[in-house]
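S.K.: Sharing coords-v4.csv here; it has CSV, C-alpha atoms.
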chain,number,residue,atom,x,y,z
A,1,MET,CA,-24.6,41.7,-38.6
A,2,GLY,CA,-25.8,45.2,-38.9
A,3,ASP,CA,-28.7,45.0,-36.4
A,4,THR,CA,-27.0,43.7,-33.3
A,5,MET,CA,-26.7,46.3,-30.6
A,6,PRO,CA,-23.4,46.0,-28.7
A,7,THR,CA,-23.6,47.2,-25.1
A,8,ILE,CA,-20.6,48.7,-23.3
A,9,ILE,CA,-20.7,48.7,-19.5
A,10,ILE,CA,-18.0,50.8,-17.9
A,11,GLU,CA,-17.3,50.4,-14.2
A,12,GLY,CA,-15.3,53.4,-12.9
A,13,PRO,CA,-15.2,56.2,-10.2
A,14,PRO,CA,-17.8,59.0,-10.2
A,15,ILE,CA,-17.2,61.6,-12.9
A,16,ASP,CA,-18.8,64.9,-14.0
A,17,ILE,CA,-21.3,65.2,-16.8
A,18,GLU,CA,-18.9,66.7,-19.3
A,19,LYS,CA,-16.7,63.6,-19.0
A,20,LYS,CA,-19.7,61.4,-19.4
A,21,ARG,CA,-20.5,63.2,-22.6
A,22,LYS,CA,-17.0,62.6,-24.0
A,23,LEU,CA,-16.9,59.0,-22.7
A,24,VAL,CA,-20.1,58.1,-24.4
A,25,ARG,CA,-19.2,59.9,-27.7
A,26,GLU,CA,-15.7,58.4,-28.0
A,27,LEU,CA,-16.3,54.9,-26.8
A,28,THR,CA,-19.2,54.7,-29.2
A,29,GLU,CA,-17.1,56.0,-32.1
A,30,VAL,CA,-14.4,53.3,-31.4
A,31,ALA,CA,-16.9,50.4,-31.0
A,32,SER,CA,-19.0,51.5,-33.9
A,33,LYS,CA,-16.0,51.7,-36.3
A,34,ILE,CA,-14.6,48.3,-35.3
A,35,TYR,CA,-17.8,46.3,-35.1
A,36,GLY,CA,-19.3,48.1,-38.2
A,37,ILE,CA,-22.5,48.7,-36.2
A,38,ARG,CA,-24.1,52.1,-35.6
A,39,HIS,CA,-26.3,51.4,-32.7
A,40,ILE,CA,-24.3,51.2,-29.4
A,41,THR,CA,-25.6,51.5,-25.9
A,42,VAL,CA,-23.2,52.7,-23.1
A,43,LEU,CA,-24.0,52.3,-19.4
A,44,ILE,CA,-21.7,54.3,-17.1
A,45,LYS,CA,-21.5,52.8,-13.6
A,46,GLU,CA,-20.2,55.1,-10.9
A,47,ASN,CA,-18.7,53.3,-7.9
A,48,SER,CA,-18.0,55.2,-4.7
A,49,PRO,CA,-14.5,54.6,-3.2
A,50,GLU,CA,-16.1,52.7,-0.3
A,51,ASN,CA,-17.5,50.1,-2.8
A,52,VAL,CA,-14.3,49.3,-4.6
A,53,GLY,CA,-11.5,47.0,-3.4
A,54,ILE,CA,-8.1,46.9,-5.0
A,55,ASP,CA,-5.7,44.2,-3.9
A,56,GLY,CA,-7.7,43.6,-0.7
A,57,GLU,CA,-8.2,47.1,0.4
A,58,LEU,CA,-11.0,49.6,0.0
A,59,LEU,CA,-10.2,52.4,-2.4
A,60,LEU,CA,-11.4,54.8,0.4
A,61,ASP,CA,-8.6,53.5,2.7
A,62,ARG,CA,-5.9,53.6,0.1
A,63,LYS,CA,-6.7,57.2,-0.7
A,64,ARG,CA,-6.4,58.2,3.0
A,65,LYS,CA,-3.0,56.7,3.2
A,66,VAL,CA,-1.8,58.6,0.2
A,67,GLN,CA,-3.0,61.8,1.6
A,68,THR,CA,-1.3,61.5,5.0
B,1,MET,CA,-0.9,34.1,-16.2
B,2,GLY,CA,0.4,36.4,-13.5
B,3,ASP,CA,-0.7,39.7,-14.9
B,4,THR,CA,-4.4,39.1,-15.5
B,5,MET,CA,-6.6,41.0,-13.1
B,6,PRO,CA,-9.6,39.0,-12.0
B,7,THR,CA,-12.6,41.1,-11.1
B,8,ILE,CA,-15.2,40.1,-8.5
B,9,ILE,CA,-18.6,41.7,-8.7
B,10,ILE,CA,-20.8,41.0,-5.7
B,11,GLU,CA,-24.5,41.9,-5.8
B,12,GLY,CA,-26.0,42.0,-2.3
B,13,PRO,CA,-28.0,44.1,0.2
B,14,PRO,CA,-26.6,47.4,1.6
B,15,ILE,CA,-23.9,46.9,4.2
B,16,ASP,CA,-21.8,49.1,6.5
B,17,ILE,CA,-18.3,50.1,5.8
B,18,GLU,CA,-16.7,47.7,8.3
B,19,LYS,CA,-18.3,44.8,6.5
B,20,LYS,CA,-17.2,46.2,3.2
B,21,ARG,CA,-13.6,46.2,4.5
B,22,LYS,CA,-13.8,42.6,5.5
B,23,LEU,CA,-15.5,41.5,2.4
B,24,VAL,CA,-12.9,43.0,0.2
B,25,ARG,CA,-10.0,41.7,2.3
B,26,GLU,CA,-11.3,38.2,2.5
B,27,LEU,CA,-12.7,37.7,-1.0
B,28,THR,CA,-9.4,39.0,-2.3
B,29,GLU,CA,-7.4,36.5,-0.1
B,30,VAL,CA,-9.4,33.6,-1.4
B,31,ALA,CA,-9.3,34.6,-5.1
B,32,SER,CA,-5.6,35.6,-4.9
B,33,LYS,CA,-4.6,32.2,-3.4
B,34,ILE,CA,-6.7,30.1,-5.8
B,35,TYR,CA,-5.8,32.0,-9.1
B,36,GLY,CA,-2.2,32.6,-8.0
B,37,ILE,CA,-2.7,36.3,-8.9
B,38,ARG,CA,-2.1,39.2,-6.6
B,39,HIS,CA,-4.1,41.9,-8.3
B,40,ILE,CA,-7.8,41.5,-7.7
B,41,THR,CA,-10.5,44.2,-8.1
B,42,VAL,CA,-13.7,43.9,-6.1
B,43,LEU,CA,-16.9,45.8,-6.9
B,44,ILE,CA,-19.5,45.8,-4.2
B,45,LYS,CA,-23.0,46.5,-5.5
B,46,GLU,CA,-25.6,47.5,-2.9
B,47,ASN,CA,-29.2,46.7,-4.0
B,48,SER,CA,-32.1,48.3,-2.1
B,49,PRO,CA,-34.9,45.8,-1.2
B,50,GLU,CA,-37.3,47.5,-3.7
B,51,ASN,CA,-34.9,46.5,-6.5
B,52,VAL,CA,-34.5,42.8,-5.8
B,53,GLY,CA,-37.0,40.1,-6.6
B,54,ILE,CA,-36.9,36.7,-5.2
B,55,ASP,CA,-39.2,34.0,-6.7
B,56,GLY,CA,-41.5,36.7,-8.2
B,57,GLU,CA,-41.8,39.1,-5.2
B,58,LEU,CA,-39.9,42.2,-4.2
B,59,LEU,CA,-37.7,41.7,-1.3
B,60,LEU,CA,-39.3,44.8,0.2
B,61,ASP,CA,-42.7,43.0,0.3
B,62,ARG,CA,-41.3,39.7,1.6
B,63,LYS,CA,-39.8,41.6,4.5
B,64,ARG,CA,-43.1,43.3,5.4
B,65,LYS,CA,-44.8,39.9,5.6
B,66,VAL,CA,-42.3,38.5,7.9
B,67,GLN,CA,-42.6,41.5,10.2
B,68,THR,CA,-46.4,41.3,10.5
C,1,MET,CA,-32.6,40.2,5.6
C,2,GLY,CA,-32.1,36.5,5.7
C,3,ASP,CA,-33.8,35.6,2.4
C,4,THR,CA,-31.9,37.8,0.0
C,5,MET,CA,-29.6,35.8,-2.3
C,6,PRO,CA,-26.3,37.6,-2.9
C,7,THR,CA,-24.7,36.7,-6.2
C,8,ILE,CA,-20.9,36.7,-6.8
C,9,ILE,CA,-19.7,37.0,-10.4
C,10,ILE,CA,-16.0,36.4,-10.8
C,11,GLU,CA,-14.4,37.3,-14.1
C,12,GLY,CA,-11.0,35.5,-14.4
C,13,PRO,CA,-8.8,33.3,-16.6
C,14,PRO,CA,-9.8,29.6,-17.3
C,15,ILE,CA,-9.1,27.3,-14.3
C,16,ASP,CA,-9.5,23.6,-13.6
C,17,ILE,CA,-12.4,22.0,-11.8
C,18,GLU,CA,-10.6,21.5,-8.5
C,19,LYS,CA,-9.9,25.2,-8.3
C,20,LYS,CA,-13.5,25.9,-9.2
C,21,ARG,CA,-14.6,23.8,-6.3
C,22,LYS,CA,-12.4,25.6,-3.9
C,23,LEU,CA,-13.3,29.0,-5.3
C,24,VAL,CA,-17.0,28.4,-4.8
C,25,ARG,CA,-16.6,26.9,-1.4
C,26,GLU,CA,-14.4,29.6,0.0
C,27,LEU,CA,-16.0,32.7,-1.6
C,28,THR,CA,-19.3,31.4,-0.3
C,29,GLU,CA,-17.9,31.0,3.2
C,30,VAL,CA,-16.6,34.5,3.3
C,31,ALA,CA,-19.8,36.1,1.8
C,32,SER,CA,-22.1,34.0,3.9
C,33,LYS,CA,-20.3,35.0,7.2
C,34,ILE,CA,-20.1,38.7,6.4
C,35,TYR,CA,-23.7,39.1,5.0
C,36,GLY,CA,-25.2,36.7,7.6
C,37,ILE,CA,-27.0,35.0,4.7
C,38,ARG,CA,-26.7,31.3,3.8
C,39,HIS,CA,-27.8,31.3,0.2
C,40,ILE,CA,-25.1,32.5,-2.1
C,41,THR,CA,-24.9,32.0,-5.9
C,42,VAL,CA,-21.4,32.1,-7.5
C,43,LEU,CA,-21.0,32.4,-11.3
C,44,ILE,CA,-17.4,31.7,-12.5
C,45,LYS,CA,-16.7,33.4,-15.8
C,46,GLU,CA,-13.7,32.1,-17.7
C,47,ASN,CA,-12.2,34.6,-20.1
C,48,SER,CA,-9.7,33.4,-22.8
C,49,PRO,CA,-6.5,35.5,-23.1
C,50,GLU,CA,-7.6,36.9,-26.5
C,51,ASN,CA,-10.7,38.4,-24.9
C,52,VAL,CA,-9.0,40.3,-22.0
C,53,GLY,CA,-7.2,43.6,-22.4
C,54,ILE,CA,-4.9,45.0,-19.8
C,55,ASP,CA,-3.7,48.6,-20.2
C,56,GLY,CA,-4.5,48.6,-23.9
C,57,GLU,CA,-3.0,45.2,-24.9
C,58,LEU,CA,-4.6,41.8,-25.3
C,59,LEU,CA,-3.5,39.4,-22.5
C,60,LEU,CA,-2.5,37.0,-25.3
C,61,ASP,CA,0.0,39.4,-26.7
C,62,ARG,CA,1.4,40.3,-23.3
C,63,LYS,CA,2.1,36.6,-22.5
C,64,ARG,CA,4.0,36.1,-25.8
C,65,LYS,CA,6.3,39.0,-24.9
C,66,VAL,CA,7.0,37.5,-21.5
C,67,GLN,CA,7.9,34.2,-23.1
C,68,THR,CA,10.3,35.5,-25.7
D,1,MET,CA,-8.0,58.7,-7.8
D,2,GLY,CA,-5.0,57.4,-9.7
D,3,ASP,CA,-5.1,53.8,-8.5
D,4,THR,CA,-8.7,52.8,-9.3
D,5,MET,CA,-8.9,50.3,-12.1
D,6,PRO,CA,-11.9,51.0,-14.4
D,7,THR,CA,-13.2,47.9,-16.1
D,8,ILE,CA,-15.0,48.0,-19.5
D,9,ILE,CA,-17.2,45.1,-20.3
D,10,ILE,CA,-18.3,45.0,-24.0
D,11,GLU,CA,-21.1,42.7,-25.0
D,12,GLY,CA,-21.1,42.2,-28.8
D,13,PRO,CA,-21.0,39.7,-31.6
D,14,PRO,CA,-18.0,37.3,-32.2
D,15,ILE,CA,-15.1,39.2,-33.9
D,16,ASP,CA,-11.6,38.2,-35.1
D,17,ILE,CA,-8.4,38.7,-33.1
D,18,GLU,CA,-7.2,41.8,-35.1
D,19,LYS,CA,-10.5,43.6,-34.2
D,20,LYS,CA,-10.0,42.6,-30.6
D,21,ARG,CA,-6.6,44.1,-30.6
D,22,LYS,CA,-7.9,47.4,-31.9
D,23,LEU,CA,-10.9,47.4,-29.6
D,24,VAL,CA,-8.8,46.9,-26.5
D,25,ARG,CA,-6.2,49.5,-27.6
D,26,GLU,CA,-8.7,52.2,-28.6
D,27,LEU,CA,-11.3,51.7,-25.8
D,28,THR,CA,-8.4,51.9,-23.3
D,29,GLU,CA,-7.0,55.1,-24.9
D,30,VAL,CA,-10.4,56.8,-24.6
D,31,ALA,CA,-11.1,55.7,-21.0
D,32,SER,CA,-7.6,56.3,-19.9
D,33,LYS,CA,-7.6,59.9,-21.2
D,34,ILE,CA,-11.0,60.8,-19.8
D,35,TYR,CA,-10.7,59.2,-16.4
D,36,GLY,CA,-7.0,60.2,-16.1
D,37,ILE,CA,-6.2,56.6,-15.1
D,38,ARG,CA,-3.6,54.4,-16.8
D,39,HIS,CA,-4.8,51.0,-15.6
D,40,ILE,CA,-7.9,49.8,-17.5
D,41,THR,CA,-9.2,46.3,-17.9
D,42,VAL,CA,-11.3,45.4,-20.9
D,43,LEU,CA,-13.4,42.2,-21.1
D,44,ILE,CA,-14.7,41.3,-24.6
D,45,LYS,CA,-17.8,39.1,-24.4
D,46,GLU,CA,-18.7,37.4,-27.7
D,47,ASN,CA,-22.4,36.5,-27.9
D,48,SER,CA,-23.6,34.0,-30.6
D,49,PRO,CA,-26.6,35.1,-32.7
D,50,GLU,CA,-28.8,32.5,-31.0
D,51,ASN,CA,-28.1,34.1,-27.6
D,52,VAL,CA,-29.1,37.6,-28.4
D,53,GLY,CA,-32.6,38.9,-28.7
D,54,ILE,CA,-33.5,42.3,-30.3
D,55,ASP,CA,-37.1,43.6,-29.9
D,56,GLY,CA,-38.4,40.1,-29.1
D,57,GLU,CA,-36.6,38.1,-31.7
D,58,LEU,CA,-33.4,36.0,-31.8
D,59,LEU,CA,-30.7,37.7,-33.8
D,60,LEU,CA,-30.3,34.3,-35.6
D,61,ASP,CA,-33.8,34.5,-36.9
D,62,ARG,CA,-33.6,38.2,-37.9
D,63,LYS,CA,-30.5,37.4,-40.0
D,64,ARG,CA,-32.3,34.6,-41.8
D,65,LYS,CA,-35.1,36.9,-42.8
D,66,VAL,CA,-32.7,39.5,-44.2
D,67,GLN,CA,-31.0,36.8,-46.3
D,68,THR,CA,-34.1,35.4,-47.8
E,1,MET,CA,-38.3,58.2,-22.1
E,2,GLY,CA,-39.2,56.4,-25.3
E,3,ASP,CA,-35.7,56.0,-26.7
E,4,THR,CA,-33.8,54.3,-23.9
E,5,MET,CA,-32.9,50.7,-24.7
E,6,PRO,CA,-33.3,48.5,-21.6
E,7,THR,CA,-31.1,45.5,-21.6
E,8,ILE,CA,-31.9,42.2,-19.9
E,9,ILE,CA,-29.1,39.8,-19.0
E,10,ILE,CA,-30.2,36.4,-18.0
E,11,GLU,CA,-27.7,34.0,-16.3
E,12,GLY,CA,-29.0,30.5,-16.4
E,13,PRO,CA,-28.2,26.9,-17.4
E,14,PRO,CA,-27.7,25.9,-21.1
E,15,ILE,CA,-31.1,25.6,-23.0
E,16,ASP,CA,-32.1,24.6,-26.5
E,17,ILE,CA,-32.9,27.1,-29.2
E,18,GLU,CA,-36.7,26.8,-29.0
E,19,LYS,CA,-36.6,27.8,-25.4
E,20,LYS,CA,-34.3,30.7,-26.3
E,21,ARG,CA,-36.8,31.9,-28.8
E,22,LYS,CA,-39.6,31.8,-26.2
E,23,LEU,CA,-37.5,33.4,-23.5
E,24,VAL,CA,-36.5,36.4,-25.7
E,25,ARG,CA,-40.1,36.8,-27.0
E,26,GLU,CA,-41.8,36.7,-23.6
E,27,LEU,CA,-39.2,38.6,-21.6
E,28,THR,CA,-39.3,41.4,-24.2
E,29,GLU,CA,-43.1,41.5,-24.1
E,30,VAL,CA,-43.1,41.9,-20.3
E,31,ALA,CA,-40.4,44.5,-20.2
E,32,SER,CA,-41.7,46.4,-23.2
E,33,LYS,CA,-45.2,46.7,-21.7
E,34,ILE,CA,-44.0,47.8,-18.2
E,35,TYR,CA,-41.3,50.2,-19.3
E,36,GLY,CA,-43.4,51.5,-22.2
E,37,ILE,CA,-40.4,51.1,-24.5
E,38,ARG,CA,-40.3,49.0,-27.7
E,39,HIS,CA,-36.6,48.4,-28.1
E,40,ILE,CA,-35.3,45.8,-25.7
E,41,THR,CA,-32.1,43.8,-25.9
E,42,VAL,CA,-31.8,40.4,-24.3
E,43,LEU,CA,-28.5,38.6,-23.7
E,44,ILE,CA,-28.8,34.9,-22.7
E,45,LYS,CA,-25.8,33.6,-20.8
E,46,GLU,CA,-25.5,29.9,-20.6
E,47,ASN,CA,-23.5,28.7,-17.6
E,48,SER,CA,-22.2,25.1,-17.5
E,49,PRO,CA,-22.8,23.2,-14.2
E,50,GLU,CA,-19.1,23.3,-13.3
E,51,ASN,CA,-19.1,27.1,-13.4
E,52,VAL,CA,-22.0,27.7,-11.0
E,53,GLY,CA,-21.9,27.4,-7.2
E,54,ILE,CA,-25.0,27.2,-5.0
E,55,ASP,CA,-24.5,27.5,-1.3
E,56,GLY,CA,-20.8,26.7,-1.5
E,57,GLU,CA,-21.0,23.7,-3.9
E,58,LEU,CA,-20.6,23.4,-7.6
E,59,LEU,CA,-23.9,22.6,-9.4
E,60,LEU,CA,-22.0,19.7,-11.1
E,61,ASP,CA,-21.4,18.1,-7.7
E,62,ARG,CA,-24.9,18.7,-6.4
E,63,LYS,CA,-26.4,17.0,-9.4
E,64,ARG,CA,-24.2,13.9,-8.9
E,65,LYS,CA,-25.4,13.5,-5.4
E,66,VAL,CA,-29.1,13.7,-6.4
E,67,GLN,CA,-28.5,11.0,-9.0
E,68,THR,CA,-26.9,8.5,-6.6
F,1,MET,CA,-31.5,20.9,-13.1
F,2,GLY,CA,-34.1,21.9,-10.6
F,3,ASP,CA,-31.8,23.6,-8.1
F,4,THR,CA,-30.0,26.1,-10.3
F,5,MET,CA,-31.0,29.7,-9.6
F,6,PRO,CA,-31.2,31.8,-12.7
F,7,THR,CA,-30.5,35.5,-12.2
F,8,ILE,CA,-32.1,38.2,-14.3
F,9,ILE,CA,-30.3,41.6,-14.4
F,10,ILE,CA,-32.4,44.3,-16.0
F,11,GLU,CA,-30.7,47.6,-16.9
F,12,GLY,CA,-33.3,50.3,-17.5
F,13,PRO,CA,-34.5,53.8,-16.6
F,14,PRO,CA,-35.8,54.6,-13.1
F,15,ILE,CA,-39.3,53.3,-12.5
F,16,ASP,CA,-41.9,53.5,-9.6
F,17,ILE,CA,-42.4,50.7,-7.1
F,18,GLU,CA,-45.6,49.4,-8.7
F,19,LYS,CA,-43.8,48.8,-12.0
F,20,LYS,CA,-41.0,47.1,-10.1
F,21,ARG,CA,-43.6,44.7,-8.5
F,22,LYS,CA,-45.0,43.9,-11.9
F,23,LEU,CA,-41.6,43.5,-13.5
F,24,VAL,CA,-40.4,41.1,-10.9
F,25,ARG,CA,-43.6,39.1,-10.9
F,26,GLU,CA,-43.9,38.7,-14.7
F,27,LEU,CA,-40.2,38.3,-15.6
F,28,THR,CA,-40.1,35.5,-13.0
F,29,GLU,CA,-43.2,33.8,-14.3
F,30,VAL,CA,-41.7,33.7,-17.8
F,31,ALA,CA,-38.3,32.5,-16.8
F,32,SER,CA,-39.6,30.0,-14.3
F,33,LYS,CA,-41.9,28.5,-16.9
F,34,ILE,CA,-39.3,28.2,-19.6
F,35,TYR,CA,-36.4,27.0,-17.5
F,36,GLY,CA,-38.6,24.8,-15.4
F,37,ILE,CA,-37.0,26.3,-12.3
F,38,ARG,CA,-38.9,27.9,-9.4
F,39,HIS,CA,-36.2,30.0,-7.8
F,40,ILE,CA,-35.4,33.1,-9.8
F,41,THR,CA,-33.6,36.2,-8.6
F,42,VAL,CA,-34.2,39.5,-10.4
F,43,LEU,CA,-32.0,42.6,-10.0
F,44,ILE,CA,-33.5,45.9,-11.2
F,45,LYS,CA,-30.8,48.4,-12.1
F,46,GLU,CA,-32.0,52.0,-12.5
F,47,ASN,CA,-29.8,54.1,-14.7
F,48,SER,CA,-30.2,57.9,-14.6
F,49,PRO,CA,-30.4,59.6,-18.1
F,50,GLU,CA,-26.9,61.1,-17.6
F,51,ASN,CA,-25.4,57.7,-17.2
F,52,VAL,CA,-26.8,56.1,-20.4
F,53,GLY,CA,-25.5,56.7,-23.9
F,54,ILE,CA,-27.4,55.8,-27.1
F,55,ASP,CA,-25.5,56.0,-30.4
F,56,GLY,CA,-22.9,58.3,-28.9
F,57,GLU,CA,-25.1,60.7,-27.1
F,58,LEU,CA,-26.2,60.9,-23.4
F,59,LEU,CA,-29.9,60.1,-23.0
F,60,LEU,CA,-30.1,63.4,-21.0
F,61,ASP,CA,-29.1,65.4,-24.1
F,62,ARG,CA,-31.4,63.4,-26.5
F,63,LYS,CA,-34.4,64.2,-24.3
F,64,ARG,CA,-33.6,67.9,-24.2
F,65,LYS,CA,-33.6,68.0,-28.0
F,66,VAL,CA,-36.9,66.2,-28.2
F,67,GLN,CA,-38.5,68.7,-25.8
F,68,THR,CA,-37.4,71.8,-27.6
What would you get if you wrote out this structure as structure tokens?
M.R.:
Amino acid sequence: MGDTMPTIIIEGPPIDIEKKRKLVRELTEVASKIYGIRHITVLIKENSPENVGIDGELLLDRKRKVQT
Amino acid sequence: MGDTMPTIIIEGPPIDIEKKRKLVRELTEVASKIYGIRHITVLIKENSPENVGIDGELLLDRKRKVQT
Amino acid sequence: MGDTMPTIIIEGPPIDIEKKRKLVRELTEVASKIYGIRHITVLIKENSPENVGIDGELLLDRKRKVQT
Amino acid sequence: MGDTMPTIIIEGPPIDIEKKRKLVRELTEVASKIYGIRHITVLIKENSPENVGIDGELLLDRKRKVQT
Amino acid sequence: MGDTMPTIIIEGPPIDIEKKRKLVRELTEVASKIYGIRHITVLIKENSPENVGIDGELLLDRKRKVQT
Amino acid sequence: MGDTMPTIIIEGPPIDIEKKRKLVRELTEVASKIYGIRHITVLIKENSPENVGIDGELLLDRKRKVQT
């Protein structure tokens, strides 16, 4: 089982590089420990608020409401 | 079953924000009705014509042919 | 733009075939109308409750709690 | 930003349910802390060794070699 | 650039193992040559005809029509 | 089986347009031959080095080490 290469794809909002560093380090630690596999690939996907819909509404529009 | 959160990922060409609003609203209505689940996440993925291949050819090149 | 082929991937719980029929028909109608593109591919992904986590807990375990 | 719902898709080998519990709990803790968002969806995808290729070879065939 | 690990996800119909072997071998050759990267992961996803919609109709139903 | 439309999603580093042309042409040839299906969609996903983690480290940081 040792040579499979699990891949983690994480779909979230845009984040800064320091958070990306932590995300990759800590998600890999968790997955590596549980699968018993050292090689893990993480792909961080940053979705802008105008490309995400929650319960039928763009995230962009939900934010505006909260602010006003 | 009520607390799952179906996720719809839609891979298409770039579109304007008004179409994104409609897409999110209407895809969510359909999925929500059929699954019987209120919480739906939609991720709109915009692919530029140089990153999409149809039948072996970049979309970019197919468009050029049509125009000439 | 007419020859791109948008793909919709929908990650949800298992459903019966009649719901699949409706899902494909209606998601395609929506996407087709908004993108102005006739050819749409839909991939329905059925996730068992032991393979979905919501807020840190397997869906399987959340359901059990609700039932007891 | 608080109402986005990051989704983690993890493509790995088949695992037992106790590992799934841990995976969901710990991946969610990490993502929740770094994004500052409570609602996280995790989708565990189990890939059989005959559906994964590493460096041009099915995982199934690589395992056989290791065993002999 | 040499240590990235491109991942190819291929969504298609169910196929036998000999075709999977070829698919993994040949897709990897192509990607490896063009990216200039040796390590490639391929994930083969097999979708049953009742989980795929083409132009608004389940693949399952389209096949039946062709046969009759 | 002839009217399914397999979709290939390839997650890799950014590449120039000439490589994209080759990638789409050759991946399609391979998949088309093995599946026995003419219509293939390819989606090229370009991931910047700050959005990819290998074995717990951002690709961006791994490259810097190699250069110094």
S.K.: Please list as a PyMOL selection string every residue within 8 Å of Leu23 of chain F, counting all atoms listed in the file and excluding residues in the same chain fewer than 5 positions away.
M.R.: chain E and resi 30-31+34
S.K.: Once you have the residues from the selection above, write them out as a compact mmCIF listing (two decimals), keeping the file's coordinate frame, restricted to C-alpha atoms.
M.R.:
# COMPACT_ATOMS: atom_id res chain seq x y z
CA VAL E 30 -43.10 41.90 -20.30
CA ALA E 31 -40.40 44.50 -20.20
CA ILE E 34 -44.00 47.80 -18.20
S.K.: Please report the interatomic distance between atom CA of Ser48 of chain E and atom CA of Thr7 of chain B in Å with one decimal.
M.R.: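 Distance reported for this atom pair: 19.7 Å.
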S.K.: For the reference chain D, what are the coordinates of chain C after least-squares fitting (all Cα, in-order pairing), as a tab-separated table (two decimals) with C-alpha atoms, keeping the file's coordinate frame?
M.R.:
chain	number	residue	atom	x	y	z
C	1	MET	CA	-7.89	58.74	-7.79
C	2	GLY	CA	-5.02	57.39	-9.77
C	3	ASP	CA	-5.09	53.79	-8.49
C	4	THR	CA	-8.66	52.84	-9.25
C	5	MET	CA	-8.92	50.30	-12.09
C	6	PRO	CA	-11.90	51.02	-14.35
C	7	THR	CA	-13.23	47.94	-16.07
C	8	ILE	CA	-14.94	47.99	-19.52
C	9	ILE	CA	-17.22	45.07	-20.38
C	10	ILE	CA	-18.32	45.04	-23.99
C	11	GLU	CA	-21.11	42.69	-24.98
C	12	GLY	CA	-21.07	42.21	-28.80
C	13	PRO	CA	-21.09	39.67	-31.65
C	14	PRO	CA	-18.00	37.36	-32.23
C	15	ILE	CA	-15.08	39.21	-33.90
C	16	ASP	CA	-11.61	38.26	-35.07
C	17	ILE	CA	-8.41	38.76	-33.14
C	18	GLU	CA	-7.24	41.80	-35.09
C	19	LYS	CA	-10.43	43.61	-34.21
C	20	LYS	CA	-10.02	42.53	-30.62
C	21	ARG	CA	-6.62	44.10	-30.56
C	22	LYS	CA	-7.87	47.34	-31.91
C	23	LEU	CA	-10.91	47.34	-29.65
C	24	VAL	CA	-8.79	46.97	-26.54
C	25	ARG	CA	-6.23	49.46	-27.62
C	26	GLU	CA	-8.65	52.18	-28.56
C	27	LEU	CA	-11.26	51.77	-25.78
C	28	THR	CA	-8.38	51.89	-23.35
C	29	GLU	CA	-7.05	55.08	-24.89
C	30	VAL	CA	-10.35	56.82	-24.65
C	31	ALA	CA	-11.09	55.63	-21.03
C	32	SER	CA	-7.58	56.29	-19.86
C	33	LYS	CA	-7.63	59.95	-21.19
C	34	ILE	CA	-11.07	60.79	-19.83
C	35	TYR	CA	-10.64	59.14	-16.34
C	36	GLY	CA	-6.97	60.25	-16.04
C	37	ILE	CA	-6.18	56.66	-15.00
C	38	ARG	CA	-3.68	54.38	-16.77
C	39	HIS	CA	-4.84	50.97	-15.65
C	40	ILE	CA	-7.86	49.82	-17.55
C	41	THR	CA	-9.20	46.24	-17.83
C	42	VAL	CA	-11.31	45.39	-20.93
C	43	LEU	CA	-13.38	42.16	-21.05
C	44	ILE	CA	-14.71	41.35	-24.59
C	45	LYS	CA	-17.81	39.20	-24.43
C	46	GLU	CA	-18.73	37.43	-27.64
C	47	ASN	CA	-22.39	36.54	-27.91
C	48	SER	CA	-23.55	34.01	-30.60
C	49	PRO	CA	-26.61	35.10	-32.64
C	50	GLU	CA	-28.82	32.45	-30.96
C	51	ASN	CA	-28.16	34.03	-27.57
C	52	VAL	CA	-29.08	37.68	-28.43
C	53	GLY	CA	-32.62	38.96	-28.71
C	54	ILE	CA	-33.50	42.23	-30.31
C	55	ASP	CA	-37.06	43.54	-29.91
C	56	GLY	CA	-38.38	40.09	-29.07
C	57	GLU	CA	-36.62	38.03	-31.80
C	58	LEU	CA	-33.42	36.02	-31.73
C	59	LEU	CA	-30.66	37.71	-33.80
C	60	LEU	CA	-30.32	34.37	-35.61
C	61	ASP	CA	-33.84	34.49	-36.86
C	62	ARG	CA	-33.61	38.13	-37.87
C	63	LYS	CA	-30.51	37.43	-40.05
C	64	ARG	CA	-32.28	34.56	-41.89
C	65	LYS	CA	-35.12	36.92	-42.82
C	66	VAL	CA	-32.67	39.46	-44.18
C	67	GLN	CA	-31.03	36.80	-46.30
C	68	THR	CA	-34.14	35.38	-47.88
S.K.: Identify which of the residues E:Glu57, E:Glu46, E:Glu18, E:Glu26 lies closest to chain F, counting only C-alpha atoms when measuring atom-to-atom distances.
M.R.: E:Glu26
S.K.: One number please: atom CA of Ile37 of chain F to atom CA of Ile37 of chain C, in Å, one decimal.
M.R.: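 Rounded to one decimal, the two atoms are 21.6 Å apart.
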S.K.: With all atoms listed in the file as the basis for distance, which of D:Val52, D:Leu59, D:Met5, D:Ile10 is at the shortest distance from Ser32 of chain A?
M.R.: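 Once distances to Ser32 of chain A are computed over all atoms listed in the file, the minimum belongs to D:Ile10.
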S.K.: For each of F:Ile8, F:Ile17, F:Leu60, F:Leu43, take the minimum atom-to-atom distance to chain E, counting only C-alpha atoms, then give the residue where this is smallest.
M.R.: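 Result for the nearest residue to chain E: F:Ile8.
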S.K.: Restrict the calculation to all atoms listed in the file, then for each residue of chain B with any atom at most 8 Å from an atom of chain F give the closest atom pair and their distance in Å to one decimal, rows by chain and rising residue number, as CSV.
M.R.:
residue,atom,partner,partner_atom,distance
B:Asn47,CA,F:Leu43,CA,7.8
B:Glu50,CA,F:Ile17,CA,6.9
B:Asn51,CA,F:Ile44,CA,4.9
B:Val52,CA,F:Leu43,CA,4.9
B:Gly53,CA,F:Val42,CA,4.8
B:Ile54,CA,F:Thr41,CA,4.8
B:Asp55,CA,F:Ile40,CA,5.0
B:Gly56,CA,F:Arg25,CA,4.2
B:Glu57,CA,F:Arg25,CA,6.0
B:Leu58,CA,F:Arg21,CA,6.2
